[in-house]
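Student: My file is entry18.pdb. It has PDB, C-alpha atoms (C1' of nucleotides):
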MODEL        1
ATOM      1  CA  MET A 691      31.284  -5.269  -8.359
ATOM      2  CA  LYS A 692      30.485  -2.578 -10.833
ATOM      3  CA  LEU A 693      27.340  -0.530 -10.501
ATOM      4  CA  GLU A 694      26.782  -1.489 -14.123
ATOM      5  CA  ASP A 695      26.341  -5.008 -12.896
ATOM      6  CA  MET A 696      24.049  -4.187 -10.044
ATOM      7  CA  LEU A 697      20.888  -5.952 -10.936
ATOM      8  CA  ALA A 698      18.684  -4.455  -8.282
ATOM      9  CA  TYR A 699      19.943  -0.969  -8.958
ATOM     10  CA  LYS A 700      19.371  -1.269 -12.670
ATOM     11  CA  MET A 701      15.940  -2.743 -12.206
ATOM     12  CA  ALA A 702      14.890  -0.041  -9.786
ATOM     13  CA  MET A 703      16.098   2.726 -12.087
ATOM     14  CA  ALA A 704      14.513   1.222 -15.180
ATOM     15  CA  ALA A 705      11.258   0.552 -13.353
ATOM     16  CA  SER A 706      11.305   4.125 -12.111
ATOM     17  CA  ASP A 707      11.853   5.505 -15.601
ATOM     18  CA  ILE A 708       9.144   3.305 -17.058
ATOM     19  CA  SER A 709       6.752   4.103 -14.281
ATOM     20  CA  GLU A 710       7.179   7.829 -14.792
ATOM     21  CA  SER A 711       6.795   7.504 -18.520
ATOM     22  CA  LEU A 712       3.667   5.383 -18.191
ATOM     23  CA  TYR A 713       2.163   7.731 -15.629
ATOM     24  CA  ASN A 714       1.562  10.252 -18.388
ATOM     25  CA  VAL A 715      -0.751   7.796 -20.093
ATOM     26  CA  TYR A 716      -3.098   6.798 -17.290
ATOM     27  CA  ALA A 717      -2.944  10.102 -15.417
ATOM     28  CA  SER A 718      -4.768  11.731 -18.325
ATOM     29  CA  TYR A 719      -7.692   9.491 -17.406
ATOM     30  CA  GLY A 720      -7.639  10.735 -13.832
ATOM     31  CA  LEU A 721      -6.174   7.498 -12.528
ATOM     32  CA  VAL A 722      -3.458   7.184  -9.961
ATOM     33  CA  MET A 723      -1.017   4.291  -9.972
ATOM     34  CA  PRO A 724      -2.915   1.925  -7.671
ATOM     35  CA  GLU A 725      -6.088   2.498  -9.669
ATOM     36  CA  TRP A 726      -4.310   1.811 -12.931
ATOM     37  CA  ARG A 727      -2.744  -1.379 -11.613
ATOM     38  CA  ILE A 728      -6.115  -2.588 -10.446
ATOM     39  CA  MET A 729      -7.770  -1.676 -13.719
ATOM     40  CA  ALA A 730      -5.020  -3.411 -15.700
ATOM     41  CA  THR A 731      -5.362  -6.543 -13.594
ATOM     42  CA  LEU A 732      -9.143  -6.666 -13.732
ATOM     43  CA  GLY A 733      -9.159  -5.803 -17.414
ATOM     44  CA  HIS A 734      -6.727  -8.516 -18.259
ATOM     45  CA  PHE A 735      -8.410 -11.251 -16.301
ATOM     46  CA  SER A 736     -11.983 -10.289 -17.046
ATOM     47  CA  PRO A 737     -12.370 -12.473 -20.162
ATOM     48  CA  ASP A 738     -12.015 -15.688 -18.154
ATOM     49  CA  SER A 739     -12.377 -14.855 -14.463
ATOM     50  CA  LYS A 740     -14.920 -12.099 -14.298
ATOM     51  CA  VAL A 741     -14.291 -11.173 -10.663
ATOM     52  CA  MET A 742     -11.445 -10.921  -8.202
ATOM     53  CA  SER A 743     -11.329 -10.322  -4.468
ATOM     54  CA  ALA A 744      -9.503  -7.344  -3.000
ATOM     55  CA  LYS A 745      -7.024  -9.783  -1.566
ATOM     56  CA  ALA A 746      -6.298 -11.315  -4.967
ATOM     57  CA  LEU A 747      -5.894  -7.820  -6.399
ATOM     58  CA  SER A 748      -3.514  -6.958  -3.613
ATOM     59  CA  GLN A 749      -1.333  -9.943  -4.436
ATOM     60  CA  ALA A 750      -1.426  -9.399  -8.173
ATOM     61  CA  THR A 751      -0.598  -5.708  -7.957
ATOM     62  CA  ARG A 752       1.845  -5.800  -5.024
ATOM     63  CA  LEU A 753      -0.233  -3.109  -3.362
ATOM     64  CA  ASP A 754      -0.988  -3.538   0.304
ATOM     65  CA  LYS A 755      -4.552  -4.194   1.260
ATOM     66  CA  VAL A 756      -5.099  -0.687   2.574
ATOM     67  CA  SER A 757      -4.091   0.826  -0.760
ATOM     68  CA  VAL A 758      -6.370  -1.596  -2.558
ATOM     69  CA  SER A 759      -9.253  -0.821  -0.242
ATOM     70  CA  ARG A 760      -8.845   2.892  -0.835
ATOM     71  CA  ALA A 761      -8.335   2.582  -4.575
ATOM     72  CA  LEU A 762     -11.445   0.425  -4.892
ATOM     73  CA  LYS A 763     -13.464   2.929  -2.914
ATOM     74  CA  ARG A 764     -12.462   5.715  -5.294
ATOM     75  CA  MET A 765     -13.009   3.547  -8.358
ATOM     76  CA  GLU A 766     -16.437   2.520  -7.145
ATOM     77  CA  HIS A 767     -17.275   6.148  -6.488
ATOM     78  CA  ASN A 768     -16.184   6.986 -10.032
ATOM     79  CA  GLY A 769     -18.222   4.145 -11.487
ATOM     80  CA  LEU A 770     -15.229   2.207 -12.774
ATOM     81  CA  ILE A 771     -15.832  -1.017 -10.875
ATOM     82  CA  CYS A 772     -18.640  -3.074  -9.405
ATOM     83  CA  LYS A 773     -18.113  -4.400  -5.907
ATOM     84  CA  THR A 774     -20.548  -6.939  -4.491
ATOM     85  CA  LEU A 775     -20.352  -9.166  -1.459
ATOM     86  CA  SER A 776     -19.469 -12.686  -2.435
ATOM     87  CA  LYS A 777     -22.360 -15.151  -2.084
ATOM     88  CA  ASN A 778     -20.190 -18.011  -0.929
ATOM     89  CA  ASP A 779     -18.173 -16.115   1.638
ATOM     90  CA  GLY A 780     -19.377 -12.882   3.199
ATOM     91  CA  ARG A 781     -15.851 -11.710   3.906
ATOM     92  CA  PHE A 782     -14.947 -11.371   0.253
ATOM     93  CA  PHE A 783     -16.042  -8.880  -2.315
ATOM     94  CA  ASP A 784     -16.414  -9.769  -5.950
ATOM     95  CA  VAL A 785     -14.741  -6.927  -7.802
ATOM     96  CA  ALA A 786     -15.083  -6.426 -11.540
ATOM     97  CA  LEU A 787     -14.748  -3.587 -14.016
ATOM     98  CA  SER A 788     -18.028  -1.842 -14.745
ATOM     99  CA  PRO A 789     -18.941  -1.235 -18.404
ATOM    100  CA  ARG A 790     -17.545   2.230 -17.949
ATOM    101  CA  GLY A 791     -14.353   0.869 -16.429
ATOM    102  CA  GLU A 792     -14.048  -1.666 -19.222
ATOM    103  CA  ALA A 793     -14.495   1.112 -21.791
ATOM    104  CA  MET A 794     -11.761   3.178 -20.172
ATOM    105  CA  TYR A 795      -9.493   0.153 -20.051
ATOM    106  CA  ASN A 796     -10.056  -0.503 -23.744
ATOM    107  CA  GLU A 797      -9.257   3.098 -24.511
ATOM    108  CA  ILE A 798      -6.036   3.101 -22.516
ATOM    109  CA  ILE A 799      -4.637  -0.223 -23.652
ATOM    110  CA  PRO A 800      -3.847   0.816 -27.260
ATOM    111  CA  LYS A 801      -1.938   3.803 -25.936
ATOM    112  CA  ILE A 802       0.033   1.574 -23.620
ATOM    113  CA  ARG A 803       0.715  -0.735 -26.530
ATOM    114  CA  LEU A 804       2.051   2.139 -28.636
ATOM    115  CA  TRP A 805       4.184   3.325 -25.767
ATOM    116  CA  GLN A 806       5.512  -0.183 -25.236
ATOM    117  CA  GLN A 807       6.331  -0.603 -28.916
ATOM    118  CA  SER A 808       8.346   2.596 -28.885
ATOM    119  CA  LYS A 809      10.287   1.325 -25.875
ATOM    120  CA  LEU A 810      10.998  -1.950 -27.659
ATOM    121  CA  LYS A 811      11.745  -0.701 -31.139
ATOM    122  CA  ASN A 812      15.449  -1.594 -30.927
ATOM    123  CA  ILE A 813      14.763  -4.995 -29.399
ATOM    124  CA  THR A 814      14.237  -8.165 -31.388
ATOM    125  CA  ASP A 815      11.539 -10.670 -30.503
ATOM    126  CA  SER A 816      14.026 -13.255 -29.324
ATOM    127  CA  GLU A 817      15.793 -10.692 -27.151
ATOM    128  CA  TYR A 818      12.474  -9.722 -25.658
ATOM    129  CA  GLU A 819      11.691 -13.374 -24.998
ATOM    130  CA  ILE A 820      14.907 -13.701 -23.061
ATOM    131  CA  PHE A 821      14.238 -10.517 -21.183
ATOM    132  CA  LEU A 822      10.846 -11.860 -20.124
ATOM    133  CA  LYS A 823      12.417 -15.117 -19.021
ATOM    134  CA  VAL A 824      14.909 -13.267 -16.856
ATOM    135  CA  ILE A 825      12.420 -11.053 -15.073
ATOM    136  CA  GLU A 826      10.031 -13.966 -14.667
ATOM    137  CA  ASN A 827      12.845 -15.566 -12.740
ATOM    138  CA  PHE A 828      13.100 -12.686 -10.301
ATOM    139  CA  SER A 829       9.568 -13.039  -9.049
ATOM    140  CA  ALA A 830       9.862 -16.800  -8.702
TER     141      ALA A 830
ATOM    142  CA  MET B 399      -2.839  -7.534 -25.547
ATOM    143  CA  LYS B 400      -2.078 -10.104 -22.944
ATOM    144  CA  LEU B 401      -0.982  -9.104 -19.466
ATOM    145  CA  GLU B 402       1.882 -11.502 -20.092
ATOM    146  CA  ASP B 403       3.054  -9.046 -22.701
ATOM    147  CA  MET B 404       2.655  -5.964 -20.591
ATOM    148  CA  LEU B 405       6.144  -4.680 -20.242
ATOM    149  CA  ALA B 406       5.466  -1.949 -17.741
ATOM    150  CA  TYR B 407       3.355  -4.194 -15.576
ATOM    151  CA  LYS B 408       5.957  -6.932 -15.541
ATOM    152  CA  MET B 409       8.741  -4.493 -14.816
ATOM    153  CA  ALA B 410       6.855  -2.879 -11.968
ATOM    154  CA  MET B 411       6.052  -6.235 -10.391
ATOM    155  CA  ALA B 412       9.580  -7.585 -10.775
ATOM    156  CA  ALA B 413      11.093  -4.364  -9.472
ATOM    157  CA  SER B 414       8.731  -4.502  -6.525
ATOM    158  CA  ASP B 415       9.673  -8.097  -5.735
ATOM    159  CA  ILE B 416      13.371  -7.357  -6.050
ATOM    160  CA  SER B 417      13.091  -4.215  -4.006
ATOM    161  CA  GLU B 418      11.346  -6.052  -1.191
ATOM    162  CA  SER B 419      13.859  -8.861  -1.287
ATOM    163  CA  LEU B 420      16.790  -6.472  -1.243
ATOM    164  CA  TYR B 421      15.288  -4.451   1.564
ATOM    165  CA  ASN B 422      16.080  -7.290   3.954
ATOM    166  CA  VAL B 423      19.771  -6.812   3.237
ATOM    167  CA  TYR B 424      20.249  -3.093   3.812
ATOM    168  CA  ALA B 425      17.526  -2.713   6.437
ATOM    169  CA  SER B 426      19.640  -4.805   8.789
ATOM    170  CA  TYR B 427      22.158  -1.953   8.662
ATOM    171  CA  GLY B 428      19.490   0.541   9.668
ATOM    172  CA  LEU B 429      19.276   2.013   6.204
ATOM    173  CA  VAL B 430      16.121   2.960   4.393
ATOM    174  CA  MET B 431      15.848   2.786   0.636
ATOM    175  CA  PRO B 432      16.928   6.349  -0.204
ATOM    176  CA  GLU B 433      19.937   5.969   2.080
ATOM    177  CA  TRP B 434      20.919   2.705   0.466
ATOM    178  CA  ARG B 435      20.601   4.120  -3.037
ATOM    179  CA  ILE B 436      22.788   7.053  -2.081
ATOM    180  CA  MET B 437      25.335   4.819  -0.410
ATOM    181  CA  ALA B 438      25.420   2.500  -3.421
ATOM    182  CA  THR B 439      25.920   5.417  -5.767
ATOM    183  CA  LEU B 440      28.606   7.109  -3.700
ATOM    184  CA  GLY B 441      30.314   3.805  -3.018
ATOM    185  CA  HIS B 442      30.403   2.878  -6.636
ATOM    186  CA  PHE B 443      31.724   6.176  -7.909
ATOM    187  CA  SER B 444      34.090   6.895  -5.059
ATOM    188  CA  PRO B 445      37.161   5.268  -6.634
ATOM    189  CA  ASP B 446      37.298   7.792  -9.464
ATOM    190  CA  SER B 447      35.081  10.728  -8.552
ATOM    191  CA  LYS B 448      35.383  11.102  -4.834
ATOM    192  CA  VAL B 449      32.459  13.473  -4.415
ATOM    193  CA  MET B 450      29.021  14.105  -5.821
ATOM    194  CA  SER B 451      26.514  16.906  -5.383
ATOM    195  CA  ALA B 452      23.051  16.285  -3.973
ATOM    196  CA  LYS B 453      21.713  17.108  -7.393
ATOM    197  CA  ALA B 454      23.876  14.484  -9.089
ATOM    198  CA  LEU B 455      22.781  11.983  -6.457
ATOM    199  CA  SER B 456      19.177  12.878  -7.091
ATOM    200  CA  GLN B 457      19.572  12.191 -10.799
ATOM    201  CA  ALA B 458      21.510   8.979 -10.323
ATOM    202  CA  THR B 459      19.092   7.546  -7.784
ATOM    203  CA  ARG B 460      15.817   8.873  -9.225
ATOM    204  CA  LEU B 461      15.009  10.297  -5.823
ATOM    205  CA  ASP B 462      13.631  13.791  -5.728
ATOM    206  CA  LYS B 463      15.820  16.451  -4.217
ATOM    207  CA  VAL B 464      13.807  16.628  -1.007
ATOM    208  CA  SER B 465      14.294  12.929  -0.370
ATOM    209  CA  VAL B 466      17.983  13.290  -1.065
ATOM    210  CA  SER B 467      18.258  16.274   1.242
ATOM    211  CA  ARG B 468      16.558  14.378   4.048
ATOM    212  CA  ALA B 469      18.501  11.176   3.487
ATOM    213  CA  LEU B 470      21.799  13.074   3.488
ATOM    214  CA  LYS B 471      20.840  14.805   6.719
ATOM    215  CA  ARG B 472      20.211  11.447   8.405
ATOM    216  CA  MET B 473      23.357   9.924   6.931
ATOM    217  CA  GLU B 474      25.447  12.840   8.071
ATOM    218  CA  HIS B 475      23.937  12.570  11.522
ATOM    219  CA  ASN B 476      24.842   8.867  11.551
ATOM    220  CA  GLY B 477      28.373   9.577  10.381
ATOM    221  CA  LEU B 478      28.007   7.760   7.074
ATOM    222  CA  ILE B 479      28.839  10.680   4.805
ATOM    223  CA  CYS B 480      30.878  13.873   4.729
ATOM    224  CA  LYS B 481      29.136  16.942   3.349
ATOM    225  CA  THR B 482      31.159  20.075   2.661
ATOM    226  CA  LEU B 483      30.359  23.202   0.726
ATOM    227  CA  SER B 484      31.965  23.156  -2.697
ATOM    228  CA  LYS B 485      34.861  25.573  -3.068
ATOM    229  CA  ASN B 486      34.095  26.414  -6.661
ATOM    230  CA  ASP B 487      30.373  26.979  -6.265
ATOM    231  CA  GLY B 488      28.782  27.774  -2.934
ATOM    232  CA  ARG B 489      25.449  26.345  -3.975
ATOM    233  CA  PHE B 490      26.749  22.797  -4.186
ATOM    234  CA  PHE B 491      27.782  20.383  -1.518
ATOM    235  CA  ASP B 492      30.531  17.868  -2.045
ATOM    236  CA  VAL B 493      29.124  14.647  -0.665
ATOM    237  CA  ALA B 494      31.248  11.567  -0.065
ATOM    238  CA  LEU B 495      31.114   8.437   2.037
ATOM    239  CA  SER B 496      32.912   8.791   5.340
ATOM    240  CA  PRO B 497      35.315   6.010   6.329
ATOM    241  CA  ARG B 498      32.486   4.573   8.381
ATOM    242  CA  GLY B 499      30.112   4.803   5.428
ATOM    243  CA  GLU B 500      32.689   3.205   3.172
ATOM    244  CA  ALA B 501      33.146   0.381   5.668
ATOM    245  CA  MET B 502      29.430  -0.243   5.807
ATOM    246  CA  TYR B 503      29.233  -0.189   2.017
ATOM    247  CA  ASN B 504      32.031  -2.727   1.772
ATOM    248  CA  GLU B 505      30.249  -4.932   4.260
ATOM    249  CA  ILE B 506      26.924  -4.790   2.433
ATOM    250  CA  ILE B 507      28.186  -5.245  -1.112
ATOM    251  CA  PRO B 508      29.200  -8.923  -0.766
ATOM    252  CA  LYS B 509      25.748  -9.712   0.599
ATOM    253  CA  ILE B 510      24.145  -7.947  -2.333
ATOM    254  CA  ARG B 511      26.400  -9.902  -4.655
ATOM    255  CA  LEU B 512      25.340 -13.192  -3.087
ATOM    256  CA  TRP B 513      21.719 -12.196  -3.287
ATOM    257  CA  GLN B 514      22.126 -11.226  -6.919
ATOM    258  CA  GLN B 515      23.831 -14.479  -7.779
ATOM    259  CA  SER B 516      20.960 -16.443  -6.288
ATOM    260  CA  LYS B 517      18.533 -14.428  -8.389
ATOM    261  CA  LEU B 518      20.529 -15.158 -11.525
ATOM    262  CA  LYS B 519      21.391 -18.779 -10.944
ATOM    263  CA  ASN B 520      19.143 -20.011 -13.754
ATOM    264  CA  ILE B 521      20.308 -17.337 -16.168
ATOM    265  CA  THR B 522      23.253 -17.714 -18.524
ATOM    266  CA  ASP B 523      25.743 -14.933 -19.084
ATOM    267  CA  SER B 524      24.544 -14.272 -22.596
ATOM    268  CA  GLU B 525      20.940 -14.136 -21.450
ATOM    269  CA  TYR B 526      21.927 -11.668 -18.767
ATOM    270  CA  GLU B 527      23.772  -9.575 -21.339
ATOM    271  CA  ILE B 528      20.631  -9.361 -23.407
ATOM    272  CA  PHE B 529      18.563  -8.526 -20.356
ATOM    273  CA  LEU B 530      20.905  -5.657 -19.577
ATOM    274  CA  LYS B 531      20.699  -4.421 -23.147
ATOM    275  CA  VAL B 532      16.914  -4.389 -22.992
ATOM    276  CA  ILE B 533      16.613  -2.475 -19.741
ATOM    277  CA  GLU B 534      19.356  -0.101 -20.824
ATOM    278  CA  ASN B 535      17.043   0.722 -23.683
ATOM    279  CA  PHE B 536      14.199   1.658 -21.377
ATOM    280  CA  SER B 537      16.078   4.421 -19.661
ATOM    281  CA  ALA B 538      17.421   5.812 -22.909
TER     282      ALA B 538
ATOM    283  C1'  DA C  68      28.198  47.264 -12.009
ATOM    284  C1'  DT C  69      23.520  45.885 -11.223
ATOM    285  C1'  DA C  70      19.280  43.676 -11.484
ATOM    286  C1'  DA C  71      16.744  39.733 -13.264
ATOM    287  C1'  DA C  72      16.902  34.931 -13.967
ATOM    288  C1'  DT C  73      18.693  30.432 -12.763
ATOM    289  C1'  DT C  74      20.238  26.886  -9.874
ATOM    290  C1'  DA C  75      21.281  23.999  -5.347
ATOM    291  C1'  DG C  76      19.460  22.859  -1.405
ATOM    292  C1'  DT C  77      16.100  23.347   2.689
ATOM    293  C1'  DT C  78      11.753  24.072   4.982
ATOM    294  C1'  DA C  79       6.743  24.027   5.618
ATOM    295  C1'  DC C  80       2.617  22.155   4.878
ATOM    296  C1'  DA C  81      -0.821  19.292   2.819
ATOM    297  C1'  DA C  82      -1.585  14.730   0.940
ATOM    298  C1'  DA C  83      -0.458   9.890   0.624
ATOM    299  C1'  DT C  84       0.990   5.910   2.933
ATOM    300  C1'  DG C  85       1.221   1.847   5.954
ATOM    301  C1'  DA C  86       1.271  -0.512  10.603
ATOM    302  C1'  DA C  87      -1.805  -1.637  14.007
ATOM    303  C1'  DA C  88      -6.305  -1.867  15.804
ATOM    304  C1'  DC C  89     -10.898  -2.794  14.596
ATOM    305  C1'  DT C  90     -15.371  -5.080  12.517
ATOM    306  C1'  DA C  91     -17.467  -8.775  10.439
ATOM    307  C1'  DT C  92     -17.574 -13.346   8.632
ATOM    308  C1'  DT C  93     -16.021 -18.026   8.396
ATOM    309  C1'  DT C  94     -13.478 -22.094   9.911
ATOM    310  C1'  DG C  95     -11.953 -25.410  13.232
ATOM    311  C1'  DA C  96     -11.623 -27.537  17.687
ATOM    312  C1'  DT C  97     -13.855 -29.296  21.563
TER     313       DT C  97
ATOM    314  C1'  DA D1446     -23.620 -26.089  19.444
ATOM    315  C1'  DT D1447     -20.057 -22.960  21.161
ATOM    316  C1'  DC D1448     -16.053 -20.569  21.525
ATOM    317  C1'  DA D1449     -11.297 -19.650  19.863
ATOM    318  C1'  DA D1450      -8.536 -18.807  15.796
ATOM    319  C1'  DA D1451      -8.175 -17.192  11.277
ATOM    320  C1'  DT D1452      -9.331 -14.353   7.318
ATOM    321  C1'  DA D1453     -11.173 -10.157   4.336
ATOM    322  C1'  DG D1454     -11.607  -5.720   4.417
ATOM    323  C1'  DT D1455     -11.900  -0.943   6.757
ATOM    324  C1'  DT D1456     -10.536   2.712   9.804
ATOM    325  C1'  DT D1457      -7.381   5.272  12.655
ATOM    326  C1'  DC D1458      -3.370   7.546  13.434
ATOM    327  C1'  DA D1459       1.396   8.468  13.118
ATOM    328  C1'  DT D1460       4.906   8.641   9.684
ATOM    329  C1'  DT D1461       6.483   9.505   5.119
ATOM    330  C1'  DT D1462       6.223  11.844   1.037
ATOM    331  C1'  DG D1463       6.209  15.438  -2.450
ATOM    332  C1'  DT D1464       4.728  20.106  -4.101
ATOM    333  C1'  DA D1465       5.393  24.657  -3.514
ATOM    334  C1'  DA D1466       7.507  28.354  -1.258
ATOM    335  C1'  DC D1467      11.735  29.779   0.520
ATOM    336  C1'  DT D1468      16.996  31.026   1.184
ATOM    337  C1'  DA D1469      21.322  31.518  -0.652
ATOM    338  C1'  DA D1470      24.673  31.485  -4.357
ATOM    339  C1'  DT D1471      25.771  32.129  -9.173
ATOM    340  C1'  DT D1472      25.079  33.378 -13.870
ATOM    341  C1'  DT D1473      23.352  36.269 -17.556
ATOM    342  C1'  DA D1474      21.795  40.358 -19.712
ATOM    343  C1'  DT D1475      21.863  45.032 -19.935
TER     344       DT D1475
ENDMDL
END
Give the structure from the file, written as structure tokens.
Tutor:
Amino acid sequence: MKLEDMLAYKMAMAASDISESLYNVYASYGLVMPEWRIMATLGHFSPDSKVMSAKALSQATRLDKVSVSRALKRMEHNGLICKTLSKNDGRFFDVALSPRGEAMYNEIIPKIRLWQQSKLKNITDSEYEIFLKVIENFSA
Amino acid sequence: MKLEDMLAYKMAMAASDISESLYNVYASYGLVMPEWRIMATLGHFSPDSKVMSAKALSQATRLDKVSVSRALKRMEHNGLICKTLSKNDGRFFDVALSPRGEAMYNEIIPKIRLWQQSKLKNITDSEYEIFLKVIENFSA
DNA sequence: ATAAATTAGTTACAAATGAAACTATTTGAT
DNA sequence: ATCAAATAGTTTCATTTGTAACTAATTTAT
């Protein structure tokens, strides 16, 4: 087996490179990685499902529940999210981006898009489709 | 922009899933992630280049030099590597897998290969080729 | 030749992390 | 209805981590 063929190795290295590169974008907004992942998740889902529980965020972001709890505390403190006890079930919180959080999200997203385009400039649409299919497979 | 199209997000999630899944393989040998990355790198390169410096390992594995230093200390203590001062340049160490480290590597690799095959069972060779091309691009 | 600058690696310390214990709420069994 | 089991989220504490300071070796400039 060649290292060149080592899927996990390649993925980890690429993810690490991407992660570092992306850090420069959201860090300029004072966000750390868990906060950015949460913002990205909430921002994406907010059109349809306005709220998510901490548990759902934990699953979507692959952050453990302690990290989510702490990130949400900071984000609430910074006015980026609204956190209210769920009416149906007092164990859950309904978490959503605040207007301010939504504004920040909408400011960051175009920069991410630009960054992503630069990363994909040598890749055709059909190649990217296949790439997505492959990594979709990994998480399945 | 749809979350479905968020490259970085998808990569981070897939890498996280893969990393967790792979952890079960090397953890059973008492290795932690930095140790496994170092072993994989040394094991792969050992046919041609028998030794690597801690710095080279740090670059290859995307671990910072402190992590590498600590991992090498543990691995040396466990008899998995040999670490000798370079003759040419007294700042470098020549690091290589010990026979015991090599044996462990050769025991783990087939399990990684099996694991990888199961992850790729729905993927054709040409699709995998394209996938590799795309992630190669990220690190460039 | 010598002193400043650079580089490899380690150490120390402060910050981030996660497992386990904890609180609070809900569900399910009797 | 009541009590045990389960679930969401928080807190505690011990470990892990990374930045910055350090040591030691080498290179570069003068």
Student: Write out as CSV the residues of stretch 1447-1475 of chain D that have any atom within 9 Å of an atom of stretch 72-86 of chain C, one row each with the nearest atom pair and its distance in Å to one decimal, counting all atoms listed in the file, sorted by chain and then rising number.
Tutor:
residue,atom,partner,partner_atom,distance
D:DT1460,C1',C:DT84,C1',8.3
D:DT1461,C1',C:DT84,C1',6.9
D:DT1462,C1',C:DA83,C1',7.0
D:DG1463,C1',C:DA82,C1',8.5
D:DT1464,C1',C:DA81,C1',8.9
D:DA1466,C1',C:DA79,C1',8.2
D:DC1467,C1',C:DT78,C1',7.2
D:DT1468,C1',C:DT77,C1',7.9
D:DA1469,C1',C:DA75,C1',8.9
D:DA1470,C1',C:DA75,C1',8.3
D:DT1471,C1',C:DT74,C1',7.7
D:DT1472,C1',C:DT73,C1',7.1
D:DT1473,C1',C:DA72,C1',7.5
Student: To verify the selection step, state as number ranges by chain which residues the PyMOL selection byres ((chain A and resi 744) around 8) yields on this input.
Tutor: A: 742-743, 745-748, 755, 758-759, 782-785; D: 1454
Student: Evaluated on this file, the PyMOL selection byres ((chain B and resi 439) around 10) picks out some residues - which ones are they, written as a VMD selection string?
Tutor: (chain A and resid 693 699) or (chain B and resid 433 to 438 440 to 444 450 454 to 455 458 to 459 494 to 495)
Student: Expanded to explicit residues, what is the PyMOL selection byres ((chain B) within 10 of (chain A)) for this file, as an mmCIF file with C-alpha atoms, in the frame of the given file?
Tutor:
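Result went into result35.cif, see below:
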data_model
loop_
_atom_site.group_PDB
_atom_site.id
_atom_site.type_symbol
_atom_site.label_atom_id
_atom_site.label_comp_id
_atom_site.auth_asym_id
_atom_site.auth_seq_id
_atom_site.Cartn_x
_atom_site.Cartn_y
_atom_site.Cartn_z
ATOM 1 C CA MET B 399 -2.839 -7.534 -25.547
ATOM 2 C CA LYS B 400 -2.078 -10.104 -22.944
ATOM 3 C CA LEU B 401 -0.982 -9.104 -19.466
ATOM 4 C CA GLU B 402 1.882 -11.502 -20.092
ATOM 5 C CA ASP B 403 3.054 -9.046 -22.701
ATOM 6 C CA MET B 404 2.655 -5.964 -20.591
ATOM 7 C CA LEU B 405 6.144 -4.680 -20.242
ATOM 8 C CA ALA B 406 5.466 -1.949 -17.741
ATOM 9 C CA TYR B 407 3.355 -4.194 -15.576
ATOM 10 C CA LYS B 408 5.957 -6.932 -15.541
ATOM 11 C CA MET B 409 8.741 -4.493 -14.816
ATOM 12 C CA ALA B 410 6.855 -2.879 -11.968
ATOM 13 C CA MET B 411 6.052 -6.235 -10.391
ATOM 14 C CA ALA B 412 9.580 -7.585 -10.775
ATOM 15 C CA ALA B 413 11.093 -4.364 -9.472
ATOM 16 C CA SER B 414 8.731 -4.502 -6.525
ATOM 17 C CA ASP B 415 9.673 -8.097 -5.735
ATOM 18 C CA ILE B 416 13.371 -7.357 -6.050
ATOM 19 C CA SER B 417 13.091 -4.215 -4.006
ATOM 20 C CA SER B 419 13.859 -8.861 -1.287
ATOM 21 C CA LEU B 420 16.790 -6.472 -1.243
ATOM 22 C CA ARG B 435 20.601 4.120 -3.037
ATOM 23 C CA ALA B 438 25.420 2.500 -3.421
ATOM 24 C CA THR B 439 25.920 5.417 -5.767
ATOM 25 C CA GLY B 441 30.314 3.805 -3.018
ATOM 26 C CA HIS B 442 30.403 2.878 -6.636
ATOM 27 C CA PHE B 443 31.724 6.176 -7.909
ATOM 28 C CA ALA B 458 21.510 8.979 -10.323
ATOM 29 C CA THR B 459 19.092 7.546 -7.784
ATOM 30 C CA ARG B 460 15.817 8.873 -9.225
ATOM 31 C CA LEU B 461 15.009 10.297 -5.823
ATOM 32 C CA ILE B 507 28.186 -5.245 -1.112
ATOM 33 C CA PRO B 508 29.200 -8.923 -0.766
ATOM 34 C CA ILE B 510 24.145 -7.947 -2.333
ATOM 35 C CA ARG B 511 26.400 -9.902 -4.655
ATOM 36 C CA TRP B 513 21.719 -12.196 -3.287
ATOM 37 C CA GLN B 514 22.126 -11.226 -6.919
ATOM 38 C CA GLN B 515 23.831 -14.479 -7.779
ATOM 39 C CA SER B 516 20.960 -16.443 -6.288
ATOM 40 C CA LYS B 517 18.533 -14.428 -8.389
ATOM 41 C CA LEU B 518 20.529 -15.158 -11.525
ATOM 42 C CA LYS B 519 21.391 -18.779 -10.944
ATOM 43 C CA ASN B 520 19.143 -20.011 -13.754
ATOM 44 C CA ILE B 521 20.308 -17.337 -16.168
ATOM 45 C CA THR B 522 23.253 -17.714 -18.524
ATOM 46 C CA SER B 524 24.544 -14.272 -22.596
ATOM 47 C CA GLU B 525 20.940 -14.136 -21.450
ATOM 48 C CA TYR B 526 21.927 -11.668 -18.767
ATOM 49 C CA GLU B 527 23.772 -9.575 -21.339
ATOM 50 C CA ILE B 528 20.631 -9.361 -23.407
ATOM 51 C CA PHE B 529 18.563 -8.526 -20.356
ATOM 52 C CA LEU B 530 20.905 -5.657 -19.577
ATOM 53 C CA LYS B 531 20.699 -4.421 -23.147
ATOM 54 C CA VAL B 532 16.914 -4.389 -22.992
ATOM 55 C CA ILE B 533 16.613 -2.475 -19.741
ATOM 56 C CA GLU B 534 19.356 -0.101 -20.824
ATOM 57 C CA ASN B 535 17.043 0.722 -23.683
ATOM 58 C CA PHE B 536 14.199 1.658 -21.377
ATOM 59 C CA SER B 537 16.078 4.421 -19.661
ATOM 60 C CA ALA B 538 17.421 5.812 -22.909
#
Student: Find the distance between atom CA of A:Gly720 and atom CA of A:Gln749 and write it in Å to one decimal.
Tutor: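 Taking atom CA of A:Gly720 as the start and atom CA of A:Gln749 as the end point, the length is 23.6 Å.
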